[in-house]
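Heads up: the structure comes next, in structure tokens.
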Amino acid sequence: MRGLVTVLLAVITGMFCSFVTYLPFIGDVNSAPNQHVTPVYIERSVQDTGSPNIVTGLLADYRGFDTMWETTVMFLAGLTVVMLLSSSTMGRRPEKEDEDA
Amino acid sequence: MQIYLIEAILLVFLIVTTISVIFCKDILCAAVIYSAFSFCAVLLYLMMGAPDVAFTEAVIGTISTIYFVASLKKIDRWCK
Amino acid sequence: MKKPFGGIVLDTAFRIIVPFTLIYGVYVLIFGEAGPGGGFQAGALLSIGVVLSRLIMGDHASFNISVKNSLVLAGVGTFIYAATGWLAMLNGGNFLDYSYLPFKAEHTNELHALGILFIEIGVTICVMMTIINILDAVVERGDENGSAK
């Protein structure tokens with residue numbers, strides 16, 4: 001079993017190392033992600049969104065709905081941490097009511 | 001060519017810091033090495049042309065180090 | 001935090017570092033439209049000021065935001081974001097369509113810049129208060145376990 005896992009890991013690492021050479025270079029104009037929608041954003045983002053930073057314009061304007069739920073997820077994460085880790089007496093009924101009941 | 005050399009050095013350093021975080025016995029030492037890992041990632045992001053992501057990574061690396069050190073202070077385990 | 005990090009070195013360094021951090025956070029928030037930065041980074045930078053002051057000075061820190069207030073303010077930050085969307089919706093546009101914000105401007109892209117500023121203020125408040133929250137939860141848990149009340 002252990003030998004099989006090792007062989008499998010070696011094969012996967014070899015495939016990763018050999019296929020990584022087929023990736024496009026950084027900033028390659030002819031690669032697939034830079035072909036369809038990216039030139040439109042680069043051309044029109046300043047006149048559409050009024051912000052010179054394309055990343056901000058994209059995150060806050062074109063993809064504003066995504067960012068809203070991202071913020072909500074962050075708020076929920078903080079809420080969950082507080083609920084899990086806050087002191088165990090917080091929000092529990094006082095001892096007297098327990099004695100009455 | 002030189003930029004690839006710097007990137008390769010940074011990537012090797014990234015892998016070395018990751019492995020040493022895993023195998024480090026001292027918790028405070030692991031937290032400090034983790035901040036070194038985060039700084040290395042910042043430089044790599046900058047090299048790939050994403051200053052926004054690099055900025056986020058720098059700030060979050062600082063805050064997570066503060067968290068780790070504060071938790072260590074709370075549980076009184078400075079060293080093993 | 002009952003047992004703060006103390007010492008003359010930390011106190012002096014804290015007095016110099018924290019005002020610059022806060023000013024830099026506000027700068028990142030305002031300048032985020034034109035350069036690298038934005039709501040998330042600004043919130044994290046602003047929270048570093050509060051977190052550092054609480055860690056170093058303990059309970060009698062100058063800016064102290066209690067757990068309840070920070071939880072409520074995190075919700076308020078998320079609400080500001082959604083309220084910007086609703087403001088555009090009430091004025092006749094789609095949700096989060098900043099061209100329909102009810103302010104006067106010559107071009108629509110000025111309205112878009114204003115809307116981006118609003119939602120970034122919301123994100124900033126949410127992130128800042130969430131980070132303060134998590135630190136509070138961790139520190140309070142330690143207080144409870146470390147010393148029997």
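Naming scheme: A, B, ... for chains in displayed order of the structure tokens; residues 1 onward per chain; ligands 1 onward as shown.
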Give me the residues of chain A that have any atom at most 9 Å from an atom of chain B; for each, the nearest atom pair and the distance in Å, rounded to one decimal. Use only C-alpha atoms, sort by chain and number, and format it as CSV.
```
residue,atom,partner,partner_atom,distance
A:Ile26,CA,B:Met48,CA,7.1
A:Gly27,CA,B:Met48,CA,8.9
A:Val55,CA,B:Asp52,CA,7.9
```
**Message:** Excluding segment 12-18 of chain B and its own-chain neighbours fewer than 4 positions away, which residues fall within 8 Å of it when counting only C-alpha atoms? Please give them as a PyMOL selection string.
**Reply:** chain B and resi 8+22+33-34+36-37+40-41
Please identify every residue of chain C that has at least one atom no more than 12 Å from any atom of chain B, counting only C-alpha atoms, and report them as a PDB file with N, CA, C and O atoms, in the first residue's frame.
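Printed below is selection_31.pdb as written:
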```pdb
ATOM      1  N   MET C   1      -7.508  42.057  27.708  1.00  0.00           N
ATOM      2  CA  MET C   1      -6.337  41.216  27.957  1.00  0.00           C
ATOM      3  C   MET C   1      -5.768  41.571  29.315  1.00  0.00           C
ATOM      4  O   MET C   1      -5.442  42.708  29.579  1.00  0.00           O
ATOM      5  N   LYS C   2      -5.707  40.593  30.201  1.00  0.00           N
ATOM      6  CA  LYS C   2      -5.306  40.914  31.576  1.00  0.00           C
ATOM      7  C   LYS C   2      -3.809  41.075  31.706  1.00  0.00           C
ATOM      8  O   LYS C   2      -3.325  41.840  32.529  1.00  0.00           O
ATOM      9  N   LYS C   3      -3.064  40.337  30.913  1.00  0.00           N
ATOM     10  CA  LYS C   3      -1.603  40.355  31.042  1.00  0.00           C
ATOM     11  C   LYS C   3      -1.015  40.902  29.745  1.00  0.00           C
ATOM     12  O   LYS C   3      -0.633  40.146  28.866  1.00  0.00           O
ATOM     13  N   PRO C   4      -0.995  42.229  29.566  1.00  0.00           N
ATOM     14  CA  PRO C   4      -0.572  42.762  28.268  1.00  0.00           C
ATOM     15  C   PRO C   4       0.926  42.616  28.061  1.00  0.00           C
ATOM     16  O   PRO C   4       1.680  42.430  29.008  1.00  0.00           O
ATOM     17  N   PHE C   5       1.324  42.713  26.804  1.00  0.00           N
ATOM     18  CA  PHE C   5       2.739  42.805  26.479  1.00  0.00           C
ATOM     19  C   PHE C   5       3.187  44.181  26.974  1.00  0.00           C
ATOM     20  O   PHE C   5       2.612  45.177  26.581  1.00  0.00           O
ATOM     21  N   GLY C   6       4.157  44.257  27.827  1.00  0.00           N
ATOM     22  CA  GLY C   6       4.509  45.574  28.365  1.00  0.00           C
ATOM     23  C   GLY C   6       5.891  45.999  27.932  1.00  0.00           C
ATOM     24  O   GLY C   6       6.371  45.599  26.893  1.00  0.00           O
ATOM     25  N   THR C  21       0.184  54.152  11.092  1.00  0.00           N
ATOM     26  CA  THR C  21      -0.600  53.039  10.543  1.00  0.00           C
ATOM     27  C   THR C  21      -2.031  53.462  10.260  1.00  0.00           C
ATOM     28  O   THR C  21      -2.584  53.135   9.204  1.00  0.00           O
ATOM     29  N   GLY C  25      -3.829  53.708   6.684  1.00  0.00           N
ATOM     30  CA  GLY C  25      -5.046  52.961   6.384  1.00  0.00           C
ATOM     31  C   GLY C  25      -6.083  53.830   5.703  1.00  0.00           C
ATOM     32  O   GLY C  25      -6.689  53.429   4.706  1.00  0.00           O
ATOM     33  N   VAL C  28      -5.002  54.506   2.156  1.00  0.00           N
ATOM     34  CA  VAL C  28      -5.234  53.363   1.266  1.00  0.00           C
ATOM     35  C   VAL C  28      -6.703  53.274   0.885  1.00  0.00           C
ATOM     36  O   VAL C  28      -7.051  52.988  -0.255  1.00  0.00           O
ATOM     37  N   GLY C  32      -7.548  53.976  -2.940  1.00  0.00           N
ATOM     38  CA  GLY C  32      -7.682  52.641  -3.502  1.00  0.00           C
ATOM     39  C   GLY C  32      -8.228  52.617  -4.911  1.00  0.00           C
ATOM     40  O   GLY C  32      -8.032  51.656  -5.640  1.00  0.00           O
ATOM     41  N   GLU C  33      -8.925  53.683  -5.305  1.00  0.00           N
ATOM     42  CA  GLU C  33      -9.451  53.694  -6.669  1.00  0.00           C
ATOM     43  C   GLU C  33      -8.369  53.953  -7.693  1.00  0.00           C
ATOM     44  O   GLU C  33      -8.493  53.553  -8.841  1.00  0.00           O
ATOM     45  N   ALA C  34      -7.313  54.659  -7.301  1.00  0.00           N
ATOM     46  CA  ALA C  34      -6.316  55.073  -8.282  1.00  0.00           C
ATOM     47  C   ALA C  34      -5.040  54.257  -8.211  1.00  0.00           C
ATOM     48  O   ALA C  34      -4.244  54.313  -9.135  1.00  0.00           O
ATOM     49  N   GLY C  35      -4.845  53.514  -7.143  1.00  0.00           N
ATOM     50  CA  GLY C  35      -3.613  52.759  -7.037  1.00  0.00           C
ATOM     51  C   GLY C  35      -3.874  51.417  -6.387  1.00  0.00           C
ATOM     52  O   GLY C  35      -5.022  51.057  -6.196  1.00  0.00           O
ATOM     53  N   PRO C  36      -2.841  50.674  -6.071  1.00  0.00           N
ATOM     54  CA  PRO C  36      -3.065  49.419  -5.356  1.00  0.00           C
ATOM     55  C   PRO C  36      -3.622  49.693  -3.976  1.00  0.00           C
ATOM     56  O   PRO C  36      -3.185  50.603  -3.280  1.00  0.00           O
ATOM     57  N   GLY C  37      -4.597  48.938  -3.610  1.00  0.00           N
ATOM     58  CA  GLY C  37      -5.241  49.142  -2.311  1.00  0.00           C
ATOM     59  C   GLY C  37      -6.718  48.898  -2.451  1.00  0.00           C
ATOM     60  O   GLY C  37      -7.179  48.420  -3.478  1.00  0.00           O
ATOM     61  N   GLY C  38      -7.453  49.237  -1.433  1.00  0.00           N
ATOM     62  CA  GLY C  38      -8.876  49.012  -1.490  1.00  0.00           C
ATOM     63  C   GLY C  38      -9.428  48.765  -0.114  1.00  0.00           C
ATOM     64  O   GLY C  38      -8.750  49.013   0.887  1.00  0.00           O
ATOM     65  N   GLY C  39     -10.666  48.306  -0.068  1.00  0.00           N
ATOM     66  CA  GLY C  39     -11.342  48.173   1.197  1.00  0.00           C
ATOM     67  C   GLY C  39     -10.715  47.160   2.121  1.00  0.00           C
ATOM     68  O   GLY C  39     -10.532  47.413   3.303  1.00  0.00           O
ATOM     69  N   PHE C  40     -10.377  46.005   1.578  1.00  0.00           N
ATOM     70  CA  PHE C  40      -9.869  44.927   2.429  1.00  0.00           C
ATOM     71  C   PHE C  40      -8.563  45.319   3.100  1.00  0.00           C
ATOM     72  O   PHE C  40      -8.407  45.204   4.312  1.00  0.00           O
ATOM     73  N   GLN C  41      -7.625  45.854   2.299  1.00  0.00           N
ATOM     74  CA  GLN C  41      -6.324  46.216   2.847  1.00  0.00           C
ATOM     75  C   GLN C  41      -6.468  47.353   3.843  1.00  0.00           C
ATOM     76  O   GLN C  41      -5.809  47.360   4.893  1.00  0.00           O
ATOM     77  N   ALA C  42      -7.340  48.325   3.540  1.00  0.00           N
ATOM     78  CA  ALA C  42      -7.507  49.460   4.443  1.00  0.00           C
ATOM     79  C   ALA C  42      -8.091  48.994   5.769  1.00  0.00           C
ATOM     80  O   ALA C  42      -7.648  49.443   6.834  1.00  0.00           O
ATOM     81  N   GLY C  43      -9.064  48.077   5.711  1.00  0.00           N
ATOM     82  CA  GLY C  43      -9.638  47.571   6.950  1.00  0.00           C
ATOM     83  C   GLY C  43      -8.615  46.842   7.782  1.00  0.00           C
ATOM     84  O   GLY C  43      -8.551  47.014   9.007  1.00  0.00           O
ATOM     85  N   ALA C  44      -7.778  46.037   7.120  1.00  0.00           N
ATOM     86  CA  ALA C  44      -6.757  45.305   7.873  1.00  0.00           C
ATOM     87  C   ALA C  44      -5.756  46.262   8.501  1.00  0.00           C
ATOM     88  O   ALA C  44      -5.360  46.091   9.654  1.00  0.00           O
ATOM     89  N   LEU C  45      -5.366  47.309   7.752  1.00  0.00           N
ATOM     90  CA  LEU C  45      -4.400  48.272   8.304  1.00  0.00           C
ATOM     91  C   LEU C  45      -4.991  49.033   9.480  1.00  0.00           C
ATOM     92  O   LEU C  45      -4.316  49.254  10.488  1.00  0.00           O
ATOM     93  N   LEU C  46      -6.270  49.443   9.354  1.00  0.00           N
ATOM     94  CA  LEU C  46      -6.888  50.175  10.460  1.00  0.00           C
ATOM     95  C   LEU C  46      -7.029  49.288  11.692  1.00  0.00           C
ATOM     96  O   LEU C  46      -6.896  49.759  12.825  1.00  0.00           O
ATOM     97  N   SER C  47      -7.301  47.994  11.446  1.00  0.00           N
ATOM     98  CA  SER C  47      -7.475  47.118  12.603  1.00  0.00           C
ATOM     99  C   SER C  47      -6.157  46.867  13.308  1.00  0.00           C
ATOM    100  O   SER C  47      -6.154  46.582  14.501  1.00  0.00           O
ATOM    101  N   ILE C  48      -5.036  46.966  12.561  1.00  0.00           N
ATOM    102  CA  ILE C  48      -3.736  46.757  13.210  1.00  0.00           C
ATOM    103  C   ILE C  48      -3.543  47.788  14.323  1.00  0.00           C
ATOM    104  O   ILE C  48      -3.022  47.460  15.395  1.00  0.00           O
ATOM    105  N   GLY C  49      -4.003  49.037  14.103  1.00  0.00           N
ATOM    106  CA  GLY C  49      -3.857  50.050  15.133  1.00  0.00           C
ATOM    107  C   GLY C  49      -4.583  49.659  16.415  1.00  0.00           C
ATOM    108  O   GLY C  49      -4.004  49.692  17.506  1.00  0.00           O
ATOM    109  N   VAL C  50      -5.853  49.241  16.282  1.00  0.00           N
ATOM    110  CA  VAL C  50      -6.633  48.899  17.467  1.00  0.00           C
ATOM    111  C   VAL C  50      -6.086  47.651  18.143  1.00  0.00           C
ATOM    112  O   VAL C  50      -5.953  47.586  19.374  1.00  0.00           O
ATOM    113  N   VAL C  51      -5.714  46.660  17.311  1.00  0.00           N
ATOM    114  CA  VAL C  51      -5.225  45.396  17.864  1.00  0.00           C
ATOM    115  C   VAL C  51      -3.921  45.623  18.627  1.00  0.00           C
ATOM    116  O   VAL C  51      -3.742  45.132  19.744  1.00  0.00           O
ATOM    117  N   LEU C  52      -3.018  46.423  18.029  1.00  0.00           N
ATOM    118  CA  LEU C  52      -1.738  46.686  18.703  1.00  0.00           C
ATOM    119  C   LEU C  52      -1.973  47.429  20.005  1.00  0.00           C
ATOM    120  O   LEU C  52      -1.351  47.106  21.026  1.00  0.00           O
ATOM    121  N   ARG C  54      -4.538  47.348  21.903  1.00  0.00           N
ATOM    122  CA  ARG C  54      -5.105  46.460  22.917  1.00  0.00           C
ATOM    123  C   ARG C  54      -4.064  45.473  23.427  1.00  0.00           C
ATOM    124  O   ARG C  54      -4.021  45.171  24.617  1.00  0.00           O
ATOM    125  N   LEU C  55      -3.207  44.990  22.538  1.00  0.00           N
ATOM    126  CA  LEU C  55      -2.214  44.004  22.977  1.00  0.00           C
ATOM    127  C   LEU C  55      -1.181  44.638  23.883  1.00  0.00           C
ATOM    128  O   LEU C  55      -0.686  44.004  24.808  1.00  0.00           O
ATOM    129  N   ILE C  56      -0.819  45.906  23.619  1.00  0.00           N
ATOM    130  CA  ILE C  56       0.289  46.482  24.364  1.00  0.00           C
ATOM    131  C   ILE C  56      -0.195  47.151  25.638  1.00  0.00           C
ATOM    132  O   ILE C  56       0.421  47.012  26.687  1.00  0.00           O
ATOM    133  N   GLY C  58      -3.261  46.734  27.124  1.00  0.00           N
ATOM    134  CA  GLY C  58      -4.174  45.961  27.956  1.00  0.00           C
ATOM    135  C   GLY C  58      -5.561  46.571  28.012  1.00  0.00           C
ATOM    136  O   GLY C  58      -6.053  47.094  27.013  1.00  0.00           O
ATOM    137  N   VAL C 127     -14.330  44.514   7.532  1.00  0.00           N
ATOM    138  CA  VAL C 127     -13.087  43.762   7.732  1.00  0.00           C
ATOM    139  C   VAL C 127     -12.412  44.172   9.035  1.00  0.00           C
ATOM    140  O   VAL C 127     -11.959  43.327   9.820  1.00  0.00           O
ATOM    141  N   MET C 128     -12.386  45.485   9.302  1.00  0.00           N
ATOM    142  CA  MET C 128     -11.732  45.970  10.520  1.00  0.00           C
ATOM    143  C   MET C 128     -12.394  45.374  11.756  1.00  0.00           C
ATOM    144  O   MET C 128     -11.726  44.824  12.637  1.00  0.00           O
ATOM    145  N   ILE C 131     -11.771  41.562  12.222  1.00  0.00           N
ATOM    146  CA  ILE C 131     -10.450  41.202  12.750  1.00  0.00           C
ATOM    147  C   ILE C 131     -10.378  41.494  14.246  1.00  0.00           C
ATOM    148  O   ILE C 131      -9.876  40.687  15.036  1.00  0.00           O
ATOM    149  N   ILE C 132     -10.949  42.636  14.665  1.00  0.00           N
ATOM    150  CA  ILE C 132     -10.949  42.958  16.096  1.00  0.00           C
ATOM    151  C   ILE C 132     -11.756  41.927  16.884  1.00  0.00           C
ATOM    152  O   ILE C 132     -11.359  41.483  17.960  1.00  0.00           O
ATOM    153  N   ASN C 133     -12.886  41.513  16.284  1.00  0.00           N
ATOM    154  CA  ASN C 133     -13.724  40.471  16.877  1.00  0.00           C
ATOM    155  C   ASN C 133     -12.984  39.197  17.150  1.00  0.00           C
ATOM    156  O   ASN C 133     -13.074  38.635  18.233  1.00  0.00           O
ATOM    157  N   ILE C 134     -12.255  38.717  16.103  1.00  0.00           N
ATOM    158  CA  ILE C 134     -11.589  37.418  16.236  1.00  0.00           C
ATOM    159  C   ILE C 134     -10.513  37.508  17.313  1.00  0.00           C
ATOM    160  O   ILE C 134     -10.364  36.605  18.140  1.00  0.00           O
ATOM    161  N   LEU C 135      -9.778  38.629  17.331  1.00  0.00           N
ATOM    162  CA  LEU C 135      -8.755  38.783  18.369  1.00  0.00           C
ATOM    163  C   LEU C 135      -9.402  38.782  19.755  1.00  0.00           C
ATOM    164  O   LEU C 135      -8.907  38.141  20.687  1.00  0.00           O
ATOM    165  N   ASP C 136     -10.544  39.484  19.872  1.00  0.00           N
ATOM    166  CA  ASP C 136     -11.246  39.523  21.145  1.00  0.00           C
ATOM    167  C   ASP C 136     -11.645  38.135  21.601  1.00  0.00           C
ATOM    168  O   ASP C 136     -11.475  37.784  22.771  1.00  0.00           O
ATOM    169  N   ALA C 137     -12.184  37.345  20.651  1.00  0.00           N
ATOM    170  CA  ALA C 137     -12.640  36.002  21.011  1.00  0.00           C
ATOM    171  C   ALA C 137     -11.479  35.162  21.506  1.00  0.00           C
ATOM    172  O   ALA C 137     -11.566  34.514  22.545  1.00  0.00           O
ATOM    173  N   VAL C 138     -10.337  35.214  20.780  1.00  0.00           N
ATOM    174  CA  VAL C 138      -9.177  34.406  21.172  1.00  0.00           C
ATOM    175  C   VAL C 138      -8.670  34.827  22.544  1.00  0.00           C
ATOM    176  O   VAL C 138      -8.429  34.001  23.429  1.00  0.00           O
ATOM    177  N   VAL C 139      -8.567  36.150  22.758  1.00  0.00           N
ATOM    178  CA  VAL C 139      -7.988  36.647  24.003  1.00  0.00           C
ATOM    179  C   VAL C 139      -8.901  36.361  25.186  1.00  0.00           C
ATOM    180  O   VAL C 139      -8.450  35.950  26.252  1.00  0.00           O
ATOM    181  N   GLU C 140     -10.214  36.515  24.987  1.00  0.00           N
ATOM    182  CA  GLU C 140     -11.128  36.244  26.088  1.00  0.00           C
ATOM    183  C   GLU C 140     -11.124  34.784  26.476  1.00  0.00           C
ATOM    184  O   GLU C 140     -11.172  34.446  27.650  1.00  0.00           O
ATOM    185  N   ARG C 141     -11.045  33.927  25.473  1.00  0.00           N
ATOM    186  CA  ARG C 141     -10.983  32.495  25.739  1.00  0.00           C
ATOM    187  C   ARG C 141      -9.772  32.171  26.603  1.00  0.00           C
ATOM    188  O   ARG C 141      -9.859  31.416  27.553  1.00  0.00           O
ATOM    189  N   GLY C 142      -8.635  32.808  26.270  1.00  0.00           N
ATOM    190  CA  GLY C 142      -7.431  32.564  27.055  1.00  0.00           C
ATOM    191  C   GLY C 142      -7.591  33.045  28.482  1.00  0.00           C
ATOM    192  O   GLY C 142      -7.186  32.371  29.425  1.00  0.00           O
ATOM    193  N   ASP C 143      -8.242  34.215  28.653  1.00  0.00           N
ATOM    194  CA  ASP C 143      -8.442  34.730  29.999  1.00  0.00           C
ATOM    195  C   ASP C 143      -9.274  33.768  30.825  1.00  0.00           C
ATOM    196  O   ASP C 143      -8.984  33.512  31.984  1.00  0.00           O
ATOM    197  N   GLU C 144     -10.308  33.220  30.171  1.00  0.00           N
ATOM    198  CA  GLU C 144     -11.219  32.350  30.910  1.00  0.00           C
ATOM    199  C   GLU C 144     -10.530  31.059  31.350  1.00  0.00           C
ATOM    200  O   GLU C 144     -10.689  30.603  32.468  1.00  0.00           O
ATOM    201  N   ASN C 145      -9.696  30.497  30.427  1.00  0.00           N
ATOM    202  CA  ASN C 145      -9.040  29.251  30.766  1.00  0.00           C
ATOM    203  C   ASN C 145      -7.874  29.454  31.715  1.00  0.00           C
ATOM    204  O   ASN C 145      -7.599  28.619  32.542  1.00  0.00           O
ATOM    205  N   GLY C 146      -7.179  30.583  31.562  1.00  0.00           N
ATOM    206  CA  GLY C 146      -5.942  30.756  32.305  1.00  0.00           C
ATOM    207  C   GLY C 146      -6.176  31.020  33.778  1.00  0.00           C
ATOM    208  O   GLY C 146      -5.455  30.501  34.625  1.00  0.00           O
ATOM    209  N   SER C 147      -7.179  31.830  34.080  1.00  0.00           N
ATOM    210  CA  SER C 147      -7.357  32.197  35.478  1.00  0.00           C
ATOM    211  C   SER C 147      -8.796  31.917  35.872  1.00  0.00           C
ATOM    212  O   SER C 147      -9.719  32.377  35.224  1.00  0.00           O
TER     213      SER C 147
END
```
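Comparing C:Trp86, C:Phe118, C:Tyr81, C:Phe63 by their smallest distance to chain A, the closest is C:Tyr81 (using only C-alpha atoms).
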Contact table chain A vs chain C, cut-off 8 Å, shortest pair per residue, only C-alpha atoms, as a Markdown table:
```
| residue | atom | partner | partner_atom | distance |
| --- | --- | --- | --- | --- |
| A:Val46 | CA | C:Asn109 | CA | 7.9 |
| A:Gln47 | CA | C:Asn109 | CA | 6.2 |
| A:Asp48 | CA | C:Asn109 | CA | 5.7 |
| A:Thr49 | CA | C:Asn109 | CA | 5.1 |
| A:Gly50 | CA | C:Asn109 | CA | 4.5 |
| A:Ser51 | CA | C:Glu33 | CA | 5.3 |
| A:Pro52 | CA | C:Ala34 | CA | 5.1 |
| A:Asn53 | CA | C:Ala34 | CA | 5.0 |
| A:Thr56 | CA | C:Glu33 | CA | 6.0 |
| A:Gly57 | CA | C:Glu33 | CA | 7.5 |
| A:Ala60 | CA | C:Ile116 | CA | 6.0 |
| A:Asp61 | CA | C:Ile116 | CA | 6.9 |
| A:Gly64 | CA | C:Leu96 | CA | 6.9 |
| A:Phe65 | CA | C:Leu96 | CA | 7.4 |
| A:Met68 | CA | C:Tyr81 | CA | 6.7 |
| A:Thr71 | CA | C:Val123 | CA | 6.4 |
| A:Thr72 | CA | C:Thr78 | CA | 6.3 |
| A:Met74 | CA | C:Val127 | CA | 7.2 |
| A:Phe75 | CA | C:Ala74 | CA | 6.3 |
| A:Gly78 | CA | C:Thr130 | CA | 5.2 |
| A:Leu79 | CA | C:Leu71 | CA | 7.2 |
| A:Val81 | CA | C:Ile134 | CA | 6.3 |
| A:Val82 | CA | C:Ala137 | CA | 5.4 |
| A:Leu85 | CA | C:Ala137 | CA | 5.5 |
| A:Ser86 | CA | C:Ala137 | CA | 5.1 |
| A:Ser87 | CA | C:Arg141 | CA | 6.0 |
```
**Asked** How would you write, as a PyMOL selection string, the set of residues in chain A that DSSP gives as alpha helix (DSSP H)?
**Response** chain A and resi 2-19+38-49+54-57+64-85+95-100
**Request:** In Å, rounded to a single decimal, give me how far atom CA of Thr67 of chain A is from atom CA of Gly92 of chain C.
**Result:**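 Atom-to-atom, atom CA of Gly92 of chain C and atom CA of Thr67 of chain A are spaced 22.0 Å apart.
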**Request:** To one decimal in Å, tell me the separation between atom CA of Ala105 of chain C and atom CA of Pro39 of chain A.
**Result:** 27.8 Å
**Message:** I'd like the interatomic distance between atom CA of Phe39 of chain B and atom CA of Ile6 of chain B, to a tenth of an Å.
**Reply:**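 Atom CA of Ile6 of chain B lies at a distance of 14.7 Å from atom CA of Phe39 of chain B.
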